$ cat structure05.txt   # compact mmCIF, N, CA and C atoms
# COMPACT_ATOMS: atom_id res chain seq x y z
N MET A 780 -15.54 -14.67 69.28
CA MET A 780 -15.54 -13.76 68.16
C MET A 780 -16.27 -12.50 68.58
N SER A 781 -15.81 -11.39 68.06
CA SER A 781 -16.51 -10.14 68.32
C SER A 781 -16.95 -9.54 66.98
N PRO A 782 -18.16 -9.92 66.53
CA PRO A 782 -18.63 -9.41 65.24
C PRO A 782 -19.18 -7.99 65.35
N GLU A 783 -18.95 -7.24 64.32
CA GLU A 783 -19.54 -5.91 64.22
C GLU A 783 -20.39 -5.91 62.95
N ARG A 784 -21.69 -5.81 63.13
CA ARG A 784 -22.60 -5.80 62.00
C ARG A 784 -22.76 -4.36 61.53
N ILE A 785 -22.48 -4.14 60.25
CA ILE A 785 -22.41 -2.79 59.70
C ILE A 785 -23.53 -2.63 58.67
N ASN A 786 -24.43 -1.68 58.95
CA ASN A 786 -25.57 -1.42 58.07
C ASN A 786 -25.68 0.09 57.85
N PRO A 787 -24.94 0.62 56.87
CA PRO A 787 -24.92 2.06 56.63
C PRO A 787 -26.31 2.61 56.30
N PRO A 788 -26.67 3.76 56.84
CA PRO A 788 -27.98 4.34 56.57
C PRO A 788 -28.18 4.73 55.11
N GLU A 789 -27.11 4.84 54.35
CA GLU A 789 -27.21 5.19 52.93
C GLU A 789 -27.72 4.02 52.09
N LEU A 790 -27.67 2.79 52.64
CA LEU A 790 -28.13 1.60 51.93
C LEU A 790 -29.55 1.25 52.39
N SER A 791 -30.23 0.46 51.59
CA SER A 791 -31.59 0.04 51.97
C SER A 791 -31.54 -0.71 53.29
N PRO A 792 -32.60 -0.58 54.09
CA PRO A 792 -32.59 -1.29 55.37
C PRO A 792 -32.49 -2.80 55.13
N PRO A 793 -31.57 -3.47 55.82
CA PRO A 793 -31.42 -4.92 55.63
C PRO A 793 -32.55 -5.67 56.32
N THR A 794 -33.07 -6.66 55.64
CA THR A 794 -34.10 -7.53 56.20
C THR A 794 -33.59 -8.97 56.07
N GLY A 795 -33.22 -9.56 57.19
CA GLY A 795 -32.75 -10.93 57.18
C GLY A 795 -31.30 -11.08 56.78
N PHE A 796 -30.53 -10.02 56.81
CA PHE A 796 -29.10 -10.07 56.51
C PHE A 796 -28.45 -8.81 57.05
N SER A 797 -27.13 -8.78 57.09
CA SER A 797 -26.36 -7.57 57.38
C SER A 797 -25.61 -7.19 56.12
N HIS A 798 -25.47 -5.87 55.87
CA HIS A 798 -24.74 -5.45 54.68
C HIS A 798 -23.26 -5.83 54.77
N ALA A 799 -22.71 -5.76 55.96
CA ALA A 799 -21.30 -6.13 56.17
C ALA A 799 -21.14 -6.62 57.60
N VAL A 800 -20.16 -7.49 57.79
CA VAL A 800 -19.84 -7.97 59.12
C VAL A 800 -18.32 -7.95 59.25
N ALA A 801 -17.83 -7.19 60.21
CA ALA A 801 -16.40 -7.20 60.52
C ALA A 801 -16.23 -8.11 61.74
N ALA A 802 -15.24 -8.99 61.70
CA ALA A 802 -15.07 -9.95 62.78
C ALA A 802 -13.60 -10.11 63.10
N THR A 803 -13.34 -10.26 64.39
CA THR A 803 -12.00 -10.60 64.82
C THR A 803 -12.07 -11.95 65.53
N GLY A 804 -11.09 -12.75 65.32
CA GLY A 804 -11.04 -14.08 65.92
C GLY A 804 -9.78 -14.77 65.44
N SER A 805 -9.57 -15.97 65.93
CA SER A 805 -8.32 -16.65 65.58
C SER A 805 -8.50 -17.83 64.64
N ARG A 806 -9.75 -18.22 64.35
CA ARG A 806 -9.99 -19.37 63.46
C ARG A 806 -11.04 -19.04 62.43
N LEU A 807 -10.72 -19.29 61.18
CA LEU A 807 -11.71 -19.20 60.12
C LEU A 807 -12.22 -20.60 59.85
N VAL A 808 -13.53 -20.74 59.72
CA VAL A 808 -14.14 -22.02 59.39
C VAL A 808 -14.92 -21.82 58.10
N PHE A 809 -14.57 -22.58 57.09
CA PHE A 809 -15.24 -22.53 55.79
C PHE A 809 -16.19 -23.72 55.73
N LEU A 810 -17.47 -23.43 55.61
CA LEU A 810 -18.50 -24.45 55.65
C LEU A 810 -18.95 -24.82 54.25
N ALA A 811 -18.84 -26.09 53.92
CA ALA A 811 -19.24 -26.58 52.61
C ALA A 811 -20.74 -26.42 52.43
N GLY A 812 -21.16 -26.38 51.17
CA GLY A 812 -22.57 -26.27 50.87
C GLY A 812 -23.36 -27.43 51.45
N GLN A 813 -24.48 -27.09 52.07
CA GLN A 813 -25.36 -28.11 52.65
C GLN A 813 -26.72 -28.03 51.96
N THR A 814 -27.22 -29.18 51.55
CA THR A 814 -28.57 -29.27 51.01
C THR A 814 -29.40 -30.07 52.01
N ALA A 815 -30.55 -30.53 51.58
CA ALA A 815 -31.47 -31.25 52.47
C ALA A 815 -31.17 -32.74 52.51
N LEU A 816 -29.91 -33.13 52.51
CA LEU A 816 -29.54 -34.55 52.57
C LEU A 816 -29.70 -35.07 53.98
N ASP A 817 -30.23 -36.31 54.07
CA ASP A 817 -30.26 -36.98 55.37
C ASP A 817 -28.95 -37.75 55.55
N ALA A 818 -28.83 -38.47 56.66
CA ALA A 818 -27.58 -39.19 56.96
C ALA A 818 -27.25 -40.26 55.93
N ALA A 819 -28.26 -40.73 55.17
CA ALA A 819 -28.04 -41.73 54.14
C ALA A 819 -27.72 -41.11 52.78
N GLY A 820 -27.69 -39.77 52.71
CA GLY A 820 -27.38 -39.10 51.46
C GLY A 820 -28.57 -38.91 50.54
N LYS A 821 -29.78 -38.99 51.10
CA LYS A 821 -31.01 -38.82 50.32
C LYS A 821 -31.60 -37.45 50.60
N VAL A 822 -32.06 -36.74 49.55
CA VAL A 822 -32.71 -35.45 49.72
C VAL A 822 -34.08 -35.69 50.37
N VAL A 823 -34.33 -34.97 51.47
CA VAL A 823 -35.61 -35.08 52.16
C VAL A 823 -36.31 -33.73 52.15
N GLY A 824 -37.62 -33.77 52.14
CA GLY A 824 -38.42 -32.56 52.12
C GLY A 824 -38.88 -32.24 50.71
N ASP A 825 -40.16 -32.01 50.57
CA ASP A 825 -40.72 -31.73 49.25
C ASP A 825 -40.83 -30.24 48.96
N THR A 826 -40.82 -29.41 50.01
CA THR A 826 -41.01 -27.97 49.82
C THR A 826 -39.71 -27.22 50.09
N LEU A 827 -39.63 -26.03 49.56
CA LEU A 827 -38.46 -25.19 49.80
C LEU A 827 -38.25 -24.93 51.29
N PRO A 828 -39.29 -24.55 52.06
CA PRO A 828 -39.05 -24.35 53.50
C PRO A 828 -38.53 -25.61 54.20
N GLU A 829 -39.07 -26.78 53.86
CA GLU A 829 -38.58 -28.01 54.48
C GLU A 829 -37.11 -28.25 54.14
N GLN A 830 -36.76 -28.04 52.90
CA GLN A 830 -35.37 -28.25 52.49
C GLN A 830 -34.45 -27.18 53.07
N PHE A 831 -34.93 -25.94 53.15
CA PHE A 831 -34.13 -24.86 53.73
C PHE A 831 -33.81 -25.18 55.19
N GLU A 832 -34.81 -25.64 55.94
CA GLU A 832 -34.59 -25.97 57.35
C GLU A 832 -33.55 -27.08 57.48
N ARG A 833 -33.66 -28.10 56.65
CA ARG A 833 -32.70 -29.22 56.70
C ARG A 833 -31.29 -28.74 56.34
N ALA A 834 -31.18 -27.91 55.29
CA ALA A 834 -29.87 -27.42 54.86
C ALA A 834 -29.25 -26.52 55.93
N LEU A 835 -30.05 -25.63 56.52
CA LEU A 835 -29.53 -24.76 57.58
C LEU A 835 -29.12 -25.58 58.79
N SER A 836 -29.91 -26.58 59.14
CA SER A 836 -29.55 -27.46 60.26
C SER A 836 -28.22 -28.16 59.99
N GLY A 837 -28.02 -28.61 58.75
CA GLY A 837 -26.75 -29.25 58.39
C GLY A 837 -25.58 -28.29 58.50
N LEU A 838 -25.78 -27.06 58.04
CA LEU A 838 -24.72 -26.05 58.13
C LEU A 838 -24.36 -25.78 59.59
N LEU A 839 -25.38 -25.65 60.44
CA LEU A 839 -25.13 -25.39 61.86
C LEU A 839 -24.52 -26.59 62.56
N THR A 840 -24.87 -27.80 62.12
CA THR A 840 -24.26 -29.01 62.69
C THR A 840 -22.77 -29.06 62.36
N ALA A 841 -22.42 -28.76 61.12
CA ALA A 841 -21.01 -28.73 60.72
C ALA A 841 -20.26 -27.66 61.51
N LEU A 842 -20.89 -26.51 61.68
CA LEU A 842 -20.26 -25.42 62.43
C LEU A 842 -20.06 -25.82 63.90
N ALA A 843 -21.06 -26.45 64.49
CA ALA A 843 -20.94 -26.89 65.89
C ALA A 843 -19.81 -27.90 66.05
N ALA A 844 -19.66 -28.79 65.07
CA ALA A 844 -18.57 -29.77 65.13
C ALA A 844 -17.21 -29.11 65.09
N ALA A 845 -17.15 -27.91 64.50
CA ALA A 845 -15.89 -27.15 64.46
C ALA A 845 -15.73 -26.27 65.70
N GLY A 846 -16.73 -26.29 66.59
CA GLY A 846 -16.64 -25.52 67.82
C GLY A 846 -17.35 -24.18 67.77
N GLY A 847 -18.18 -23.95 66.76
CA GLY A 847 -18.83 -22.66 66.62
C GLY A 847 -20.33 -22.71 66.82
N THR A 848 -20.93 -21.54 66.81
CA THR A 848 -22.37 -21.37 66.92
C THR A 848 -22.85 -20.47 65.79
N ALA A 849 -24.14 -20.35 65.65
CA ALA A 849 -24.71 -19.50 64.60
C ALA A 849 -24.22 -18.06 64.71
N ALA A 850 -23.96 -17.59 65.92
CA ALA A 850 -23.48 -16.22 66.11
C ALA A 850 -22.10 -16.00 65.50
N ASP A 851 -21.37 -17.08 65.23
CA ASP A 851 -20.04 -16.97 64.64
C ASP A 851 -20.06 -16.85 63.12
N LEU A 852 -21.22 -17.05 62.50
CA LEU A 852 -21.32 -16.93 61.04
C LEU A 852 -21.12 -15.48 60.62
N VAL A 853 -20.23 -15.27 59.66
CA VAL A 853 -20.02 -13.93 59.14
C VAL A 853 -20.48 -13.81 57.69
N ARG A 854 -20.64 -14.94 57.00
CA ARG A 854 -21.06 -14.93 55.60
C ARG A 854 -21.82 -16.22 55.31
N VAL A 855 -22.99 -16.09 54.67
CA VAL A 855 -23.76 -17.24 54.20
C VAL A 855 -24.23 -16.92 52.79
N THR A 856 -24.07 -17.88 51.89
CA THR A 856 -24.61 -17.77 50.54
C THR A 856 -25.68 -18.82 50.38
N VAL A 857 -26.82 -18.41 49.86
CA VAL A 857 -27.93 -19.31 49.59
C VAL A 857 -28.04 -19.46 48.08
N TYR A 858 -28.04 -20.69 47.62
CA TYR A 858 -28.20 -20.99 46.20
C TYR A 858 -29.60 -21.58 46.03
N ALA A 859 -30.44 -20.92 45.25
CA ALA A 859 -31.82 -21.35 45.07
C ALA A 859 -32.09 -21.64 43.60
N VAL A 860 -32.75 -22.77 43.34
CA VAL A 860 -33.07 -23.11 41.96
C VAL A 860 -34.26 -22.30 41.45
N ASP A 861 -35.01 -21.67 42.35
CA ASP A 861 -36.15 -20.84 41.95
C ASP A 861 -36.21 -19.63 42.89
N VAL A 862 -35.64 -18.52 42.46
CA VAL A 862 -35.57 -17.32 43.31
C VAL A 862 -36.97 -16.78 43.58
N ALA A 863 -37.88 -16.86 42.60
CA ALA A 863 -39.25 -16.38 42.83
C ALA A 863 -39.91 -17.17 43.96
N GLU A 864 -39.70 -18.48 43.98
CA GLU A 864 -40.24 -19.30 45.06
C GLU A 864 -39.59 -18.93 46.39
N TYR A 865 -38.29 -18.68 46.36
CA TYR A 865 -37.58 -18.27 47.58
C TYR A 865 -38.19 -16.98 48.13
N ARG A 866 -38.41 -16.02 47.24
CA ARG A 866 -39.02 -14.75 47.67
C ARG A 866 -40.43 -14.97 48.20
N ALA A 867 -41.20 -15.85 47.56
CA ALA A 867 -42.57 -16.13 48.00
C ALA A 867 -42.60 -16.72 49.40
N HIS A 868 -41.56 -17.44 49.78
CA HIS A 868 -41.49 -18.08 51.11
C HIS A 868 -40.60 -17.30 52.08
N ALA A 869 -40.23 -16.08 51.73
CA ALA A 869 -39.24 -15.33 52.51
C ALA A 869 -39.62 -15.20 53.98
N ARG A 870 -40.86 -14.91 54.29
CA ARG A 870 -41.26 -14.76 55.70
C ARG A 870 -41.08 -16.07 56.47
N GLU A 871 -41.51 -17.17 55.85
CA GLU A 871 -41.38 -18.47 56.50
C GLU A 871 -39.91 -18.86 56.65
N LEU A 872 -39.10 -18.59 55.63
CA LEU A 872 -37.68 -18.90 55.72
C LEU A 872 -37.02 -18.05 56.80
N GLY A 873 -37.46 -16.81 56.94
CA GLY A 873 -36.95 -15.94 58.00
C GLY A 873 -37.28 -16.49 59.38
N ARG A 874 -38.50 -17.01 59.55
CA ARG A 874 -38.87 -17.61 60.83
C ARG A 874 -38.01 -18.84 61.13
N ILE A 875 -37.76 -19.64 60.11
CA ILE A 875 -36.89 -20.81 60.29
C ILE A 875 -35.50 -20.36 60.69
N TRP A 876 -34.96 -19.36 60.00
CA TRP A 876 -33.62 -18.85 60.33
C TRP A 876 -33.58 -18.38 61.77
N ARG A 877 -34.54 -17.54 62.18
CA ARG A 877 -34.52 -16.99 63.53
C ARG A 877 -34.64 -18.08 64.59
N ARG A 878 -35.46 -19.12 64.32
CA ARG A 878 -35.61 -20.22 65.27
C ARG A 878 -34.32 -21.02 65.43
N LEU A 879 -33.61 -21.25 64.32
CA LEU A 879 -32.40 -22.08 64.37
C LEU A 879 -31.12 -21.28 64.62
N ALA A 880 -31.06 -20.06 64.09
CA ALA A 880 -29.80 -19.31 64.10
C ALA A 880 -29.86 -17.98 64.84
N GLY A 881 -31.03 -17.53 65.23
CA GLY A 881 -31.13 -16.28 65.97
C GLY A 881 -31.30 -15.07 65.07
N ARG A 882 -31.11 -13.90 65.65
CA ARG A 882 -31.37 -12.64 64.94
C ARG A 882 -30.10 -11.88 64.56
N ASP A 883 -28.95 -12.41 64.88
CA ASP A 883 -27.69 -11.76 64.47
C ASP A 883 -27.32 -12.30 63.10
N TYR A 884 -27.71 -11.56 62.07
CA TYR A 884 -27.55 -12.06 60.71
C TYR A 884 -26.15 -11.83 60.17
N PRO A 885 -25.64 -12.80 59.42
CA PRO A 885 -24.36 -12.60 58.73
C PRO A 885 -24.59 -11.79 57.45
N ALA A 886 -23.51 -11.45 56.79
CA ALA A 886 -23.63 -10.92 55.43
C ALA A 886 -24.13 -12.08 54.58
N MET A 887 -25.15 -11.82 53.75
CA MET A 887 -25.79 -12.92 53.01
C MET A 887 -26.05 -12.52 51.58
N ALA A 888 -26.17 -13.53 50.74
CA ALA A 888 -26.60 -13.34 49.35
C ALA A 888 -27.44 -14.55 48.96
N VAL A 889 -28.42 -14.31 48.10
CA VAL A 889 -29.19 -15.39 47.49
C VAL A 889 -28.85 -15.38 46.01
N VAL A 890 -28.43 -16.51 45.50
CA VAL A 890 -28.01 -16.64 44.11
C VAL A 890 -28.93 -17.63 43.41
N GLY A 891 -29.52 -17.21 42.29
CA GLY A 891 -30.34 -18.11 41.50
C GLY A 891 -29.46 -18.98 40.62
N ILE A 892 -29.75 -20.28 40.61
CA ILE A 892 -28.95 -21.22 39.83
C ILE A 892 -29.88 -22.13 39.03
N VAL A 893 -29.32 -22.79 38.04
CA VAL A 893 -30.11 -23.68 37.20
C VAL A 893 -30.49 -24.95 37.94
N ARG A 894 -29.54 -25.57 38.62
CA ARG A 894 -29.80 -26.78 39.40
C ARG A 894 -28.65 -27.02 40.35
N LEU A 895 -28.87 -27.92 41.29
CA LEU A 895 -27.85 -28.33 42.24
C LEU A 895 -27.39 -29.74 41.89
N TRP A 896 -26.36 -30.22 42.61
CA TRP A 896 -25.79 -31.54 42.34
C TRP A 896 -26.86 -32.61 42.33
N ASP A 897 -27.68 -32.63 43.40
CA ASP A 897 -28.80 -33.56 43.46
C ASP A 897 -30.02 -32.87 42.83
N VAL A 898 -30.56 -33.48 41.80
CA VAL A 898 -31.64 -32.86 41.04
C VAL A 898 -32.83 -32.48 41.93
N GLU A 899 -33.10 -33.27 42.98
CA GLU A 899 -34.24 -33.01 43.86
C GLU A 899 -34.01 -31.82 44.80
N ALA A 900 -32.76 -31.39 44.95
CA ALA A 900 -32.44 -30.31 45.88
C ALA A 900 -32.93 -28.97 45.34
N LEU A 901 -33.57 -28.20 46.20
CA LEU A 901 -34.11 -26.90 45.84
C LEU A 901 -33.25 -25.74 46.33
N VAL A 902 -32.43 -26.00 47.35
CA VAL A 902 -31.66 -24.94 47.98
C VAL A 902 -30.38 -25.51 48.59
N GLU A 903 -29.34 -24.70 48.62
CA GLU A 903 -28.06 -25.07 49.24
C GLU A 903 -27.53 -23.85 49.97
N LEU A 904 -26.93 -24.06 51.14
CA LEU A 904 -26.33 -22.98 51.92
C LEU A 904 -24.88 -23.32 52.20
N ASP A 905 -24.00 -22.34 52.02
CA ASP A 905 -22.62 -22.48 52.49
C ASP A 905 -22.28 -21.26 53.32
N GLY A 906 -21.16 -21.30 54.02
CA GLY A 906 -20.86 -20.18 54.89
C GLY A 906 -19.42 -20.10 55.34
N ILE A 907 -19.14 -18.99 56.00
CA ILE A 907 -17.85 -18.73 56.62
C ILE A 907 -18.13 -18.26 58.04
N ALA A 908 -17.37 -18.79 58.99
CA ALA A 908 -17.49 -18.38 60.38
C ALA A 908 -16.12 -18.00 60.91
N VAL A 909 -16.11 -17.13 61.90
CA VAL A 909 -14.89 -16.73 62.59
C VAL A 909 -15.07 -17.08 64.06
N LEU A 910 -14.15 -17.91 64.57
CA LEU A 910 -14.23 -18.38 65.96
C LEU A 910 -13.03 -17.90 66.75
N ASP A 911 -13.24 -17.75 68.03
CA ASP A 911 -12.13 -17.49 68.94
C ASP A 911 -11.56 -18.80 69.42
N GLY A 912 -10.29 -18.84 69.68
CA GLY A 912 -9.69 -20.00 70.29
C GLY A 912 -9.28 -21.09 69.34
N ALA A 913 -8.80 -22.17 69.91
CA ALA A 913 -8.28 -23.31 69.17
C ALA A 913 -9.40 -24.26 68.80
N ALA A 914 -9.08 -25.20 67.95
CA ALA A 914 -10.04 -26.23 67.54
C ALA A 914 -10.47 -27.05 68.74
N PRO A 915 -11.72 -27.55 68.74
CA PRO A 915 -12.17 -28.39 69.85
C PRO A 915 -11.40 -29.70 69.90
N SER A 916 -11.25 -30.24 71.08
CA SER A 916 -10.51 -31.49 71.26
C SER A 916 -11.37 -32.68 70.96

$ encode --input "structure05.txt" --output "structure tokens"
Amino acid sequence: MSPERINPPELSPPTGFSHAVAATGSRLVFLAGQTALDAAGKVVGDTLPEQFERALSGLLTALAAAGGTAADLVRVTVYAVDVAEYRAHARELGRIWRRLAGRDYPAMAVVGIVRLWDVEALVELDGIAVLDGAAPS
């Protein structure tokens, strides 16, 4: 994939996201929402950062299974049950993102919601990636 991250100077400087991402490639991968579920389907982690790390790891695991990497992400939506808490942990969440996914940010949005499917879940991430080439064998 050859992503072009577009951040017009007329818009506020992006921190932890890109305003737009143009991508060319031959495969679109739509990633389902990931929360902090373990392999047994149980929500793990008591804090937002712990759950964010687990959810992001799940998203990247699904993407890797499709043959992609974090650099292939062009769009990620974060659903948070408490946006104020998300903002309070923004620096820590940014460090987690950079450690797991690097510094090439996709177009992103954080959406405040009332609750997620699993009542214990604090955050969910879904995404879209653009990959070059055919599906992995």

$ residues_around --input "structure05.txt" --residues "A:Ile785" --least-positions-apart "6" --cutoff "10 Å" --atoms "only C-alpha atoms" --output "list in words"
Ser797, His798, Ala799, Val800, Ala801 and Ala886 of chain A

$ closest_residue --input "structure05.txt" --among "A:Gln813, A:Arg870, A:Leu910, A:Ala843" --to "A:Gln830" --atoms "all atoms listed in the file"
A:Gln813

$ atom_distance --input "structure05.txt" --atom1 "atom N of A:Leu838" --atom2 "atom CA of A:Asn786"
25.6 Å

$ residues_around --input "structure05.txt" --residues "A:Phe831" --least-positions-apart "3" --cutoff "8 Å" --atoms "all atoms listed in the file" --output "list in words"
Thr814, Ala815, Val823, Gly824, Thr826, Leu827, Pro828, Ala834, Leu835, Ser836, Gly837, Leu872, Ile875, Trp876, Leu901, Val902, Glu903 and Leu904 of chain A

$ atom_distance --input "structure05.txt" --atom1 "atom C of A:Ala819" --atom2 "atom N of A:Arg833"
14.8 Å

$ closest_residue --input "structure05.txt" --among "A:Pro885, A:Leu816, A:Gly891, A:Glu829" --to "A:Ala859" --atoms "all atoms listed in the file"
A:Gly891

$ atom_distance --input "structure05.txt" --atom1 "atom CA of A:Arg866" --atom2 "atom N of A:Asp905"
17.4 Å

$ closest_residue --input "structure05.txt" --among "A:Ala908, A:Leu852, A:Pro782, A:Asp861" --to "A:Val893" --atoms "all atoms listed in the file"
A:Asp861

$ select_by_dssp --input "structure05.txt" --residues "chain A" --states "strand (DSSP E or B)" --output "MDAnalysis selection string"
chainID A and resid 783:785 797 799:801 806:813 816 822 852:859 886:891 902:910

$ closest_atom_pairs --input "structure05.txt" --of "stretch 853-888 of chain A" --to "stretch 790-795 of chain A" --cutoff "7 Å" --atoms "only N, CA and C atoms" --output "JSON lines"
{"residue": "A:Gly873", "atom": "CA", "partner": "A:Gly795", "partner_atom": "CA", "distance": 6.6}
{"residue": "A:Tyr884", "atom": "CA", "partner": "A:Gly795", "partner_atom": "C", "distance": 5.5}
{"residue": "A:Pro885", "atom": "N", "partner": "A:Gly795", "partner_atom": "C", "distance": 6.5}
{"residue": "A:Met887", "atom": "N", "partner": "A:Gly795", "partner_atom": "C", "distance": 6.9}

$ closest_residue --input "structure05.txt" --among "A:Ala863, A:Glu832, A:Phe796, A:Gly881" --to "A:Ala850" --atoms "all atoms listed in the file"
A:Gly881

$ closest_residue --input "structure05.txt" --among "A:Ala869, A:Val862, A:Leu810, A:Ala841" --to "A:Val890" --atoms "all atoms listed in the file"
A:Val862

$ select_by_dssp --input "structure05.txt" --residues "chain A" --states "helix (DSSP H, G or I)" --output "MDAnalysis selection string"
chainID A and resid 827:844 849:851 862:867 869:880
